[in-house]
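> Dropping the structure in here first, questions after.
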Amino acid sequence: MALLQFHSQVDAASASTESADKEKQVRQLLDLRRRQQEQALRESKLQSNFRFSDRTLASGITFRHECVDDAGKNWKPAHYDHGNGVAVADVDGDGLLDLYFTTQLGSNRLYRNLGNARFKDITSEAGVGLSDQISVAAAFADIDNDGDPDLYVTTVRHGNHLFENRGNNRFVEVTESAGLSYSGHSSGAVFLDVDRDGLIDLFLCNVGKFTLEQKGHRGFYLARENAFAAHLQPELNEQNLLYRNLGNLRFKEVSKEWNIMDTTWSGDATQLDPNQDGFPDLYVANMQGQDRYYENQGGKRFEDRTDSLFPRTPWGAMGVKSFDLNNDGRMDLLVTDMHSDMTEGQRRRAMGFDPRVERQKTEAYCGPEFANVFELSADRYVFGNALYQAQAGGGFVERSDALGLETYWPWGISAGDLNADGYEDLVISAGMGFPFRYAVNSVLLNDAGKRFLDAEFQLGVEPRADGKVEIDYFTLDCDGIDKGHRLCEGQSGTRTIRGPTSSRSSALLDLDDDGDLDIVLNDFNDRPQLLVSNLSERQNIGSLKLRLRGTRSNRDGLGASVKLTTSQGIFHRYHDGKSGYLAQSSSPLHFGFSADSKVMQIEVKWPSGLIQTLKDDLPQKGTFLITEGP
């Protein structure tokens with residue numbers, strides 16, 4: 001089995017410290033990709049005459065992600081290296097978006113936005129640090145409809161946590177009384193109103209039992225040595241859970257009642273509404289097997305319709321995001337597949353630093369080798385990313401390769417109009433960290449829905465600040481506690497092990513409130529990246545941010561569809577709350593368009609079923625609050 005062979009044979013000793021030749025190869029690859037991108041963008045008409053700059057150090061954010069030993073010092077092929085989320089919300093109601101970062105070891109951190117991309121750490125007063133809790137995902141949503149975002153955090157076997165926002169930057173944990181004190185191998189969390197009763201419900205993804213009972217340094221549960229074959233053992237499956245909101249900060253687990261007994265190894269999921277009936281459906285990403293699509297049957301139960309709508313899904317899915325790629329009013333779906341890039345053959349070829357390998361499906365280079373992994377069938381799986389384009393008559397067509405959407409070692413997906421041309425672009429975080437080689441985060445500019453062009457080098461997202469491609473990953477005491485470590489063989493004294501930096505979760509938001517979208521990345525075992533765009537400084541752009549306030553619907557308006565009509569064209573957004581991998585955010589819907597465009601009409605289809613049309617006194621820029629009514 002090629003995947004198992006790869007994971008068991010990685011030589012961490014030889015991969016732990018990049019040689020001068022290896023680092024030179026990385027930089028040569030980055031330079032080749034840069035030149036290829038510059039040429040392709042010159043030949044296109046896409047607006048790319050702007051850049052992002054790393055403002056992390058100036059922002060006041062001092063958070064640094066810290067991984068458990070089984071993802072670093074004692075690396076194992078297990079699910080700990082799947083990383084952590086960053087979530088976004090206006091926690092204090094001042095109109096500025098705040099940031100919450102999660103980590104495995106150390107403390108999660110909540111930062112209040114002071115304006116102009118400057119932040120203040122308010123974790124202690126907020127009470128949401130969860131030190132050494134092996135946190136994974138974070139989700140902001142107004143679960144009690146009182147006007148401020150509450151916070152839900154998942155962990156690996158340290159219990160999940162629900163915090164009620166009490167105002168004045170203070171949160172109170174209400175997990176046990178809310179009925180959400182499940183403890184397992186939890187990952188992504190999705191808030192959605194499954195029955196449209198105006199209360200936000202919760203779908204919780206649980207990966208599977210990839211750990212043992214023994215604990216390691218600072219209390220994390222040691223990973224199984226064969227974790228990436230554990231999904232072949234049914235007794236190690238862990239069910240994903242649906243919780244219905246009963247009101248008064250209380251939830252009830254209703255998975256069986258709602259016919260959604262899902263045991264796939266799920267890292268994340270998203271709500272979507274392909275049939276536009278107003279009832280949110282669920283797409284559940286499976287990191288080792290077929291994804292599942294559950295259609296909501298009138299707010300009463302779910303029906304598994306995977307085979308009819310998505311008969312061929314990625315085999316190793318991680319991120320999932322719906323967006324309208326060509327402004328036709330139908331929401332398309334992008335799913336990233338990281339695990340298909342982890343075969344022995346694909347890794348071996350990628351180590352040759354050939355950029356063509358990174359942009360092709362795994363089976364294109366690995367052929368029968370990959371088809372034999374776990375006895376997989378090419379008729380059932382896509383061995384790479386998948387873009388499902390919605391069709392006029394219903395259903396989807398997979399078009400990832402035609403649109404240029406294959407990437408390497410991908411995790412999260414964030415969608416937004418980075419260059420304000422009216423089409424949503426994509427940021428895909430990527431990389432594996434120690435003991436692998438460096439991989440780039442992708443920025444993909446949308447060419448009017450016809451194709452996507454790589455632009456991370458052109459826009460300054462790659463290379464990273466100061467050209468950094470690796471970091472100090474961990475330190476060994478070869479004369480003391482680490483004397484028997486494999487990397488101390490023939491060594492003495494203290495030894496610092498280097499490894500590639502890599503990203504997991506991403507979010508797009510207007511950090512400095514200047515109208516254009518900025519990028520936030522939660523990096524693995526490293527500091528985050530706050531990348532601020534200068535688009536609004538380089539040119540006059542059109543930009544409008546819409547905040548939704550439900551009255552009959554849930555307060556956040558999650559599940560609403562918005563149509564913005566301008567003199568340039570019509571743009572659509574589905575308010576799913578997904579900001580990136582392992583994160584749900586309570587933030588406004590952002591629309592970009594040409595500066596000379598006129599906003600003519602806004603139509604909101606609320607979860608309650610109300611269709612609200614606004615035509616008079618519409619704003620042309622800034623942030624606009626739409627309250628459901630009459």
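By convention in this document, the chains of the structure tokens carry letters A, B, ... by their order, each chain's residues are numbered from 1, and ligands are numbered from 1 in the order they are shown.
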Using only C-alpha atoms, find each residue in region 414-455 of chain A having at least one atom no more than 10 Å away from region 313-326 of chain A; report its shortest atom-to-atom pair and that distance in Å (one decimal), rows by chain then rising number, as a Markdown table.


| residue | atom | partner | partner_atom | distance |
| --- | --- | --- | --- | --- |
| A:Ser414 | CA | A:Lys321 | CA | 7.3 |
| A:Ala415 | CA | A:Phe323 | CA | 7.1 |
| A:Gly416 | CA | A:Phe323 | CA | 8.8 |
| A:Gly422 | CA | A:Asn326 | CA | 9.5 |
| A:Tyr423 | CA | A:Leu325 | CA | 6.8 |
| A:Glu424 | CA | A:Leu325 | CA | 6.4 |
| A:Asp425 | CA | A:Leu325 | CA | 8.2 |
| A:Leu426 | CA | A:Phe323 | CA | 9.8 |
| A:Ile428 | CA | A:Gly319 | CA | 8.9 |
| A:Ser429 | CA | A:Gly319 | CA | 9.6 |
| A:Asn446 | CA | A:Leu325 | CA | 7.6 |
| A:Asp447 | CA | A:Asn326 | CA | 9.0 |
| A:Ala448 | CA | A:Asn326 | CA | 6.2 |
| A:Gly449 | CA | A:Asn326 | CA | 4.0 |
| A:Lys450 | CA | A:Asn326 | CA | 7.4 |
| A:Arg451 | CA | A:Leu325 | CA | 9.3 |
| A:Phe452 | CA | A:Leu325 | CA | 9.7 |

> Sorted by chain and rising residue number, which residues of region 52-122 of chain A lie within 12 Å of region 508-523 of chain A, and what are their closest atom pairs and distances in Å to one decimal, counting only C-alpha atoms, as CSV?


residue,atom,partner,partner_atom,distance
A:Phe52,CA,A:Asp518,CA,7.6
A:Ser53,CA,A:Asp518,CA,9.5
A:Asp54,CA,A:Ile519,CA,9.4
A:Arg55,CA,A:Val520,CA,10.1
A:Thr56,CA,A:Val520,CA,9.3
A:Ser59,CA,A:Leu511,CA,10.3
A:Ile61,CA,A:Val520,CA,11.6
A:Phe63,CA,A:Asn522,CA,9.6
A:Arg64,CA,A:Asp523,CA,8.3
A:His65,CA,A:Asp523,CA,6.9
A:Glu66,CA,A:Asp523,CA,9.7
A:Cys67,CA,A:Asp523,CA,10.6
A:Asp81,CA,A:Asp523,CA,11.2
A:His82,CA,A:Asp523,CA,10.9
A:Gly83,CA,A:Asp523,CA,8.1
A:Asn84,CA,A:Asn522,CA,7.1
A:Gly85,CA,A:Asn522,CA,6.5
A:Val86,CA,A:Asn522,CA,6.1
A:Ala87,CA,A:Val520,CA,9.6
A:Val88,CA,A:Leu509,CA,8.2
A:Ala89,CA,A:Leu509,CA,10.0
A:Asp90,CA,A:Leu511,CA,11.3
A:Gly95,CA,A:Asp513,CA,9.3
A:Leu96,CA,A:Asp513,CA,7.6
A:Leu97,CA,A:Leu511,CA,6.9
A:Asp98,CA,A:Leu511,CA,8.6
A:Leu99,CA,A:Val520,CA,9.1
A:Tyr100,CA,A:Asn522,CA,10.0
A:Phe101,CA,A:Asn522,CA,7.1
A:Thr102,CA,A:Asn522,CA,8.4
A:Thr103,CA,A:Asn522,CA,9.2
A:Asn108,CA,A:Asn522,CA,11.6
A:Arg109,CA,A:Asn522,CA,11.7
A:Arg112,CA,A:Leu511,CA,11.2
A:Asn113,CA,A:Leu511,CA,8.0
A:Leu114,CA,A:Asp512,CA,9.2
A:Gly115,CA,A:Asp512,CA,5.9
A:Asn116,CA,A:Asp512,CA,4.3
A:Ala117,CA,A:Asp512,CA,4.8
A:Arg118,CA,A:Asp512,CA,8.2
A:Phe119,CA,A:Leu511,CA,10.0

> Can you work out the spacing between CA of Gly184 (chain A) and CA of Trp258 (chain A) in Å, to one decimal?

21.3 Å

> Smallest atom-to-atom distance to Thr407 (chain A): which of A:Gly384, A:Pro435, A:Gly542, A:Gly267, using only C-alpha atoms?

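Between A:Gly384, A:Pro435, A:Gly542, A:Gly267, the residue approaching Thr407 (chain A) most closely is A:Gly384.
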
> Leaving out Thr306 (chain A) and any residue of its chain fewer than 2 positions from it, which residues lie within 10 Å of it when counting only C-alpha atoms, given as a ChimeraX atom specification?

/A:283,290-295,303-304,308-313

> Could you name the residues that touch region 330-342 of chain A at 9 Å or less, counting only C-alpha atoms, but leaving out those on the same chain fewer than 6 positions away, as a short mmCIF file (atom, residue, chain, number, x, y, z; two decimals) with N, CA and C atoms, in the first residue's frame?


data_model
loop_
_atom_site.label_atom_id
_atom_site.label_comp_id
_atom_site.auth_asym_id
_atom_site.auth_seq_id
_atom_site.Cartn_x
_atom_site.Cartn_y
_atom_site.Cartn_z
N ALA A 2 0.82 2.00 -1.07
CA ALA A 2 1.77 3.09 -1.27
C ALA A 2 1.69 4.16 -0.19
N LEU A 3 0.48 4.48 0.27
CA LEU A 3 0.36 5.52 1.28
C LEU A 3 1.00 5.08 2.58
N PHE A 6 4.74 5.05 2.31
CA PHE A 6 5.31 6.39 2.40
C PHE A 6 5.42 6.84 3.86
N HIS A 7 4.30 6.73 4.58
CA HIS A 7 4.30 7.23 5.94
C HIS A 7 5.25 6.47 6.84
N LEU A 272 -24.61 24.21 2.35
CA LEU A 272 -24.85 24.70 0.99
C LEU A 272 -26.30 24.43 0.64
N ASP A 273 -26.76 25.01 -0.46
CA ASP A 273 -28.17 24.85 -0.85
C ASP A 273 -28.28 24.78 -2.37
N PRO A 274 -27.81 23.67 -2.97
CA PRO A 274 -27.82 23.57 -4.43
C PRO A 274 -29.22 23.64 -5.06
N GLN A 276 -31.72 25.27 -3.88
CA GLN A 276 -32.27 26.59 -3.56
C GLN A 276 -33.68 26.51 -2.97
N ALA A 285 -16.59 16.60 4.22
CA ALA A 285 -15.32 16.19 3.63
C ALA A 285 -14.77 14.98 4.39
N MET A 287 -11.43 12.73 4.84
CA MET A 287 -10.01 12.78 4.55
C MET A 287 -9.43 11.45 4.10
N GLN A 288 -10.19 10.36 4.22
CA GLN A 288 -9.71 9.06 3.78
C GLN A 288 -10.88 8.22 3.28
N THR A 313 -15.92 11.74 -5.75
CA THR A 313 -15.43 12.79 -4.86
C THR A 313 -13.94 12.62 -4.62
N PRO A 314 -13.26 13.66 -4.13
CA PRO A 314 -11.86 13.49 -3.74
C PRO A 314 -11.72 12.39 -2.69
N TRP A 315 -10.57 11.70 -2.73
CA TRP A 315 -10.33 10.62 -1.78
C TRP A 315 -9.78 11.15 -0.45
N GLY A 316 -9.03 12.24 -0.49
CA GLY A 316 -8.38 12.74 0.73
C GLY A 316 -8.74 14.18 1.02
N ALA A 317 -10.05 14.48 1.10
CA ALA A 317 -10.54 15.85 1.18
C ALA A 317 -10.23 16.51 2.52
N MET A 318 -9.91 17.78 2.47
CA MET A 318 -9.64 18.58 3.67
C MET A 318 -10.54 19.82 3.73
N GLY A 319 -10.38 20.72 2.77
CA GLY A 319 -11.16 21.96 2.79
C GLY A 319 -12.33 21.88 1.83
N VAL A 320 -13.38 22.66 2.12
CA VAL A 320 -14.55 22.71 1.24
C VAL A 320 -15.17 24.09 1.33
N LYS A 321 -15.52 24.66 0.16
CA LYS A 321 -16.07 26.01 0.13
C LYS A 321 -16.98 26.18 -1.08
N SER A 322 -18.18 26.73 -0.87
CA SER A 322 -19.08 27.04 -1.98
C SER A 322 -18.97 28.52 -2.33
N PHE A 323 -19.00 28.83 -3.62
CA PHE A 323 -18.96 30.21 -4.11
C PHE A 323 -19.44 30.19 -5.56
N ASP A 324 -19.79 31.36 -6.07
CA ASP A 324 -20.29 31.48 -7.44
C ASP A 324 -19.12 31.91 -8.33
N GLU A 358 3.14 19.45 -9.09
CA GLU A 358 2.27 20.11 -8.13
C GLU A 358 0.94 20.52 -8.75
N LYS A 361 -3.13 16.02 -11.07
CA LYS A 361 -3.71 15.01 -10.20
C LYS A 361 -2.69 13.92 -9.91
N THR A 362 -2.81 13.29 -8.76
CA THR A 362 -1.83 12.30 -8.36
C THR A 362 -1.74 11.14 -9.34
N GLU A 363 -2.88 10.67 -9.85
CA GLU A 363 -2.83 9.51 -10.74
C GLU A 363 -2.12 9.80 -12.05
N PHE A 370 -1.19 4.41 -7.37
CA PHE A 370 -2.15 5.04 -6.48
C PHE A 370 -3.48 4.31 -6.48
N VAL A 382 -11.77 11.22 -7.16
CA VAL A 382 -10.89 12.20 -7.79
C VAL A 382 -9.65 12.24 -6.90
N PHE A 383 -8.48 11.98 -7.47
CA PHE A 383 -7.26 11.96 -6.67
C PHE A 383 -6.58 13.33 -6.73
N GLY A 384 -7.27 14.30 -6.18
CA GLY A 384 -6.81 15.68 -6.18
C GLY A 384 -7.99 16.59 -5.89
N ASN A 385 -7.80 17.90 -6.09
CA ASN A 385 -8.88 18.85 -5.86
C ASN A 385 -10.04 18.62 -6.83
N ALA A 386 -11.23 19.04 -6.42
CA ALA A 386 -12.41 18.93 -7.29
C ALA A 386 -13.18 20.24 -7.26
N LEU A 387 -13.52 20.74 -8.45
CA LEU A 387 -14.40 21.91 -8.57
C LEU A 387 -15.69 21.45 -9.22
N TYR A 388 -16.76 21.47 -8.46
CA TYR A 388 -18.06 21.06 -8.96
C TYR A 388 -18.82 22.30 -9.41
N GLN A 389 -18.96 22.44 -10.74
CA GLN A 389 -19.66 23.60 -11.28
C GLN A 389 -21.13 23.28 -11.44
N ALA A 390 -21.97 24.11 -10.83
CA ALA A 390 -23.41 23.90 -10.87
C ALA A 390 -23.96 24.14 -12.28
N GLN A 391 -24.87 23.26 -12.70
CA GLN A 391 -25.44 23.33 -14.04
C GLN A 391 -26.84 23.92 -14.02
N ALA A 392 -27.23 24.52 -15.16
CA ALA A 392 -28.52 25.19 -15.24
C ALA A 392 -29.68 24.24 -14.98
N PHE A 396 -24.05 18.83 -10.96
CA PHE A 396 -22.73 19.43 -11.05
C PHE A 396 -21.87 18.70 -12.08
N SER A 400 -12.14 20.92 -12.23
CA SER A 400 -10.97 21.50 -11.56
C SER A 400 -9.78 21.68 -12.50
N LEU A 405 -7.33 24.52 -11.15
CA LEU A 405 -7.51 24.54 -9.70
C LEU A 405 -6.84 23.37 -8.98
N GLU A 406 -5.90 22.70 -9.62
CA GLU A 406 -5.14 21.68 -8.89
C GLU A 406 -3.97 22.34 -8.17
N THR A 407 -3.80 22.05 -6.89
CA THR A 407 -2.71 22.60 -6.09
C THR A 407 -2.05 21.47 -5.30
N TYR A 408 -0.96 21.79 -4.61
CA TYR A 408 -0.18 20.75 -3.94
C TYR A 408 -0.25 20.91 -2.42
N TRP A 409 -0.48 19.80 -1.71
CA TRP A 409 -0.60 19.77 -0.26
C TRP A 409 -1.57 20.84 0.25
N PRO A 410 -2.78 20.92 -0.30
CA PRO A 410 -3.71 21.99 0.08
C PRO A 410 -4.50 21.67 1.35
N TRP A 411 -4.88 22.71 2.06
CA TRP A 411 -5.72 22.58 3.25
C TRP A 411 -6.98 23.44 3.09
N GLY A 412 -6.90 24.68 3.58
CA GLY A 412 -8.10 25.50 3.61
C GLY A 412 -8.35 26.28 2.34
N ILE A 413 -9.61 26.70 2.18
CA ILE A 413 -10.03 27.52 1.04
C ILE A 413 -10.73 28.76 1.58
N ILE A 428 -5.67 29.40 -1.10
CA ILE A 428 -5.61 28.01 -0.63
C ILE A 428 -4.32 27.84 0.17
N ALA A 430 -1.44 25.90 2.33
CA ALA A 430 -0.80 24.65 1.93
C ALA A 430 0.48 24.40 2.71
N HIS A 572 -23.54 37.36 -6.59
CA HIS A 572 -24.27 36.53 -5.64
C HIS A 572 -23.36 36.04 -4.53
N ARG A 573 -23.91 35.95 -3.32
CA ARG A 573 -23.22 35.35 -2.20
C ARG A 573 -24.21 34.48 -1.42
N TYR A 574 -23.70 33.35 -0.91
CA TYR A 574 -24.46 32.51 0.01
C TYR A 574 -23.80 32.62 1.37
#

> Within 7 Å of region 240-244 of chain A, counting only C-alpha atoms, which residues qualify if same-chain residues fewer than 2 places away don't, as a list in words?

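Non-adjacent residues within range: Asp201, Leu202, Phe203, Leu204, Cys205, Asn206, Glu238, Leu246, Phe251, Lys252, Glu253, Val254, Ser255, Asp262 and Thr263 of chain A.
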
> Write the residues of the selection above to a file with all heavy atoms, as a compact mmCIF listing (two decimals), in the first residue's frame.


# COMPACT_ATOMS: atom_id res chain seq x y z
N ASP A 201 -28.22 25.75 14.76
CA ASP A 201 -27.88 24.40 15.16
C ASP A 201 -26.40 24.15 14.87
O ASP A 201 -25.71 25.01 14.31
CB ASP A 201 -28.77 23.40 14.41
CG ASP A 201 -30.24 23.77 14.51
OD1 ASP A 201 -30.75 23.83 15.65
OD2 ASP A 201 -30.87 24.04 13.47
N LEU A 202 -25.89 22.96 15.22
CA LEU A 202 -24.47 22.69 15.12
C LEU A 202 -24.21 21.31 14.55
O LEU A 202 -24.80 20.32 15.00
CB LEU A 202 -23.82 22.78 16.51
CG LEU A 202 -22.36 22.33 16.65
CD1 LEU A 202 -21.43 23.25 15.87
CD2 LEU A 202 -21.96 22.29 18.12
N PHE A 203 -23.31 21.24 13.55
CA PHE A 203 -22.81 19.96 13.05
C PHE A 203 -21.34 19.85 13.41
O PHE A 203 -20.54 20.72 13.05
CB PHE A 203 -22.99 19.85 11.53
CG PHE A 203 -22.56 18.52 10.98
CD1 PHE A 203 -23.36 17.40 11.14
CD2 PHE A 203 -21.35 18.38 10.31
CE1 PHE A 203 -22.96 16.16 10.64
CE2 PHE A 203 -20.95 17.16 9.80
CZ PHE A 203 -21.76 16.04 9.98
N LEU A 204 -20.98 18.79 14.12
CA LEU A 204 -19.64 18.59 14.62
C LEU A 204 -18.95 17.46 13.87
O LEU A 204 -19.46 16.34 13.81
CB LEU A 204 -19.67 18.27 16.12
CG LEU A 204 -18.37 17.81 16.76
CD1 LEU A 204 -17.34 18.95 16.76
CD2 LEU A 204 -18.62 17.33 18.19
N CYS A 205 -17.77 17.74 13.31
CA CYS A 205 -16.97 16.72 12.63
C CYS A 205 -16.01 16.07 13.62
O CYS A 205 -15.31 16.76 14.37
CB CYS A 205 -16.15 17.36 11.50
SG CYS A 205 -17.12 18.06 10.17
N ASN A 206 -15.99 14.73 13.61
CA ASN A 206 -15.05 13.97 14.43
C ASN A 206 -14.21 13.09 13.51
O ASN A 206 -14.75 12.32 12.72
CB ASN A 206 -15.80 13.12 15.44
CG ASN A 206 -16.51 13.96 16.48
OD1 ASN A 206 -15.92 14.84 17.10
ND2 ASN A 206 -17.80 13.71 16.69
N GLU A 238 -15.49 7.25 14.43
CA GLU A 238 -16.09 8.13 15.42
C GLU A 238 -17.18 8.95 14.73
O GLU A 238 -16.90 9.64 13.75
CB GLU A 238 -15.03 9.04 16.03
CG GLU A 238 -15.48 9.81 17.25
CD GLU A 238 -14.32 10.50 17.94
OE1 GLU A 238 -13.16 10.06 17.76
OE2 GLU A 238 -14.57 11.47 18.66
N LEU A 246 -32.22 24.09 21.08
CA LEU A 246 -33.54 24.10 21.71
C LEU A 246 -33.91 25.47 22.27
O LEU A 246 -35.02 25.65 22.77
CB LEU A 246 -33.57 23.08 22.85
CG LEU A 246 -33.21 21.63 22.50
CD1 LEU A 246 -33.24 20.76 23.74
CD2 LEU A 246 -34.13 21.08 21.42
N PHE A 251 -28.71 22.52 23.75
CA PHE A 251 -28.68 21.76 22.51
C PHE A 251 -29.02 20.30 22.81
O PHE A 251 -28.77 19.80 23.90
CB PHE A 251 -27.30 21.84 21.86
CG PHE A 251 -26.97 23.18 21.26
CD1 PHE A 251 -26.55 24.24 22.06
CD2 PHE A 251 -27.06 23.38 19.89
CE1 PHE A 251 -26.25 25.47 21.52
CE2 PHE A 251 -26.76 24.60 19.33
CZ PHE A 251 -26.35 25.65 20.14
N LYS A 252 -29.54 19.63 21.79
CA LYS A 252 -29.84 18.19 21.89
C LYS A 252 -29.23 17.48 20.69
O LYS A 252 -29.39 17.92 19.56
CB LYS A 252 -31.35 17.96 21.92
CG LYS A 252 -31.75 16.48 21.96
CD LYS A 252 -33.26 16.32 21.87
CE LYS A 252 -33.65 14.84 21.86
NZ LYS A 252 -35.13 14.67 21.70
N GLU A 253 -28.53 16.36 20.94
CA GLU A 253 -27.93 15.58 19.86
C GLU A 253 -29.02 14.80 19.14
O GLU A 253 -29.75 14.01 19.75
CB GLU A 253 -26.87 14.64 20.43
CG GLU A 253 -25.91 14.11 19.37
CD GLU A 253 -26.36 12.78 18.82
OE1 GLU A 253 -26.47 11.83 19.59
OE2 GLU A 253 -26.62 12.73 17.59
N VAL A 254 -29.18 15.02 17.82
CA VAL A 254 -30.31 14.47 17.06
C VAL A 254 -29.85 13.77 15.79
O VAL A 254 -30.62 13.68 14.83
CB VAL A 254 -31.33 15.59 16.72
CG1 VAL A 254 -31.97 16.16 17.98
CG2 VAL A 254 -30.66 16.71 15.89
N SER A 255 -28.63 13.26 15.76
CA SER A 255 -28.10 12.65 14.53
C SER A 255 -28.99 11.53 14.02
O SER A 255 -29.35 11.49 12.83
CB SER A 255 -26.68 12.12 14.79
OG SER A 255 -25.87 13.11 15.36
N ASP A 262 -23.26 9.64 10.28
CA ASP A 262 -22.07 9.70 9.44
C ASP A 262 -20.83 9.34 10.26
O ASP A 262 -20.56 9.95 11.29
CB ASP A 262 -21.92 11.11 8.86
CG ASP A 262 -20.80 11.22 7.87
OD1 ASP A 262 -19.62 11.29 8.30
OD2 ASP A 262 -21.07 11.23 6.66
N THR A 263 -20.04 8.36 9.79
CA THR A 263 -18.82 7.94 10.48
C THR A 263 -17.58 8.10 9.61
O THR A 263 -16.57 7.44 9.82
CB THR A 263 -18.93 6.48 10.96
OG1 THR A 263 -19.18 5.64 9.82
CG2 THR A 263 -20.03 6.31 11.98

> Please return as an NGL selection string: the residues of region 39-253 of chain A that backbone DSSP assigns to alpha helix (DSSP H).

:A and (39-43 or 56-59 or 123-126 or 175-178)

> Just the selected residues (C-alpha atoms), exported as an mmCIF file, in the first residue's frame, please.


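Contents of part-v5.cif, freshly written:
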data_model
loop_
_atom_site.group_PDB
_atom_site.id
_atom_site.type_symbol
_atom_site.label_atom_id
_atom_site.label_comp_id
_atom_site.auth_asym_id
_atom_site.auth_seq_id
_atom_site.Cartn_x
_atom_site.Cartn_y
_atom_site.Cartn_z
ATOM 1 C CA GLN A 39 4.410 35.774 -17.819
ATOM 2 C CA ALA A 40 0.903 34.273 -17.580
ATOM 3 C CA LEU A 41 -0.477 37.355 -15.823
ATOM 4 C CA ARG A 42 1.155 39.709 -18.358
ATOM 5 C CA GLU A 43 -0.668 37.857 -21.106
ATOM 6 C CA THR A 56 2.225 40.702 11.556
ATOM 7 C CA LEU A 57 5.049 42.232 13.585
ATOM 8 C CA ALA A 58 3.510 45.714 13.451
ATOM 9 C CA SER A 59 0.022 44.425 14.266
ATOM 10 C CA THR A 123 -7.573 36.635 25.863
ATOM 11 C CA SER A 124 -7.254 36.828 29.646
ATOM 12 C CA GLU A 125 -10.167 39.191 30.204
ATOM 13 C CA ALA A 126 -12.277 37.253 27.706
ATOM 14 C CA THR A 175 -20.565 23.904 27.622
ATOM 15 C CA GLU A 176 -22.003 21.464 30.160
ATOM 16 C CA SER A 177 -25.351 23.184 30.641
ATOM 17 C CA ALA A 178 -25.667 23.530 26.846
#

> So, with only C-alpha atoms as the atoms that count, which of A:Arg218, A:Lys73, A:Arg33, A:Lys300 lies closest to Asn525 (chain A)?

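Of A:Arg218, A:Lys73, A:Arg33, A:Lys300, the one nearest Asn525 (chain A), counting only C-alpha atoms, is A:Lys73.
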
> What is the distance, in Å and to one decimal place, between CA of Asn168 (chain A) and CA of Thr155 (chain A)?

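Answer for the CA of Asn168 (chain A) to CA of Thr155 (chain A) separation: 26.1 Å.
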
> I want to know what sits within 12 Å of Asp69 (chain A), based on only C-alpha atoms, with residues of the same chain fewer than 2 positions away left out; could you give that as a ChimeraX atom specification?

/A:66-67,71-78,80-81,104-105,134,215-223,434,473-476,525

> Can you work out which one of A:Ser44, A:Asn248, A:Gln133, A:Gln37 has the shortest atom-to-atom distance to Asp146 (chain A), counting only C-alpha atoms?

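Selected residue with least distance to Asp146 (chain A): A:Asn248.
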
> To one decimal in Å, tell me the separation between CA of Ala137 (chain A) and CA of Ala189 (chain A).

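We find that CA of Ala137 (chain A) and CA of Ala189 (chain A) lie 6.9 Å from each other.
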
> Could you name the residues that touch Gly609 (chain A) at 10 Å or less, counting only C-alpha atoms, but leaving out those on the same chain fewer than 5 positions away, as a list of chain:residue names?

A:Arg196, A:Asp277, A:Gly278, A:Phe279, A:Arg552, A:Ser553, A:Ala560, A:Val604

> I need the residues of region 339-549 of chain A that end up classed as strand (DSSP E) by DSSP on the backbone, written out as a count of residues only.

73
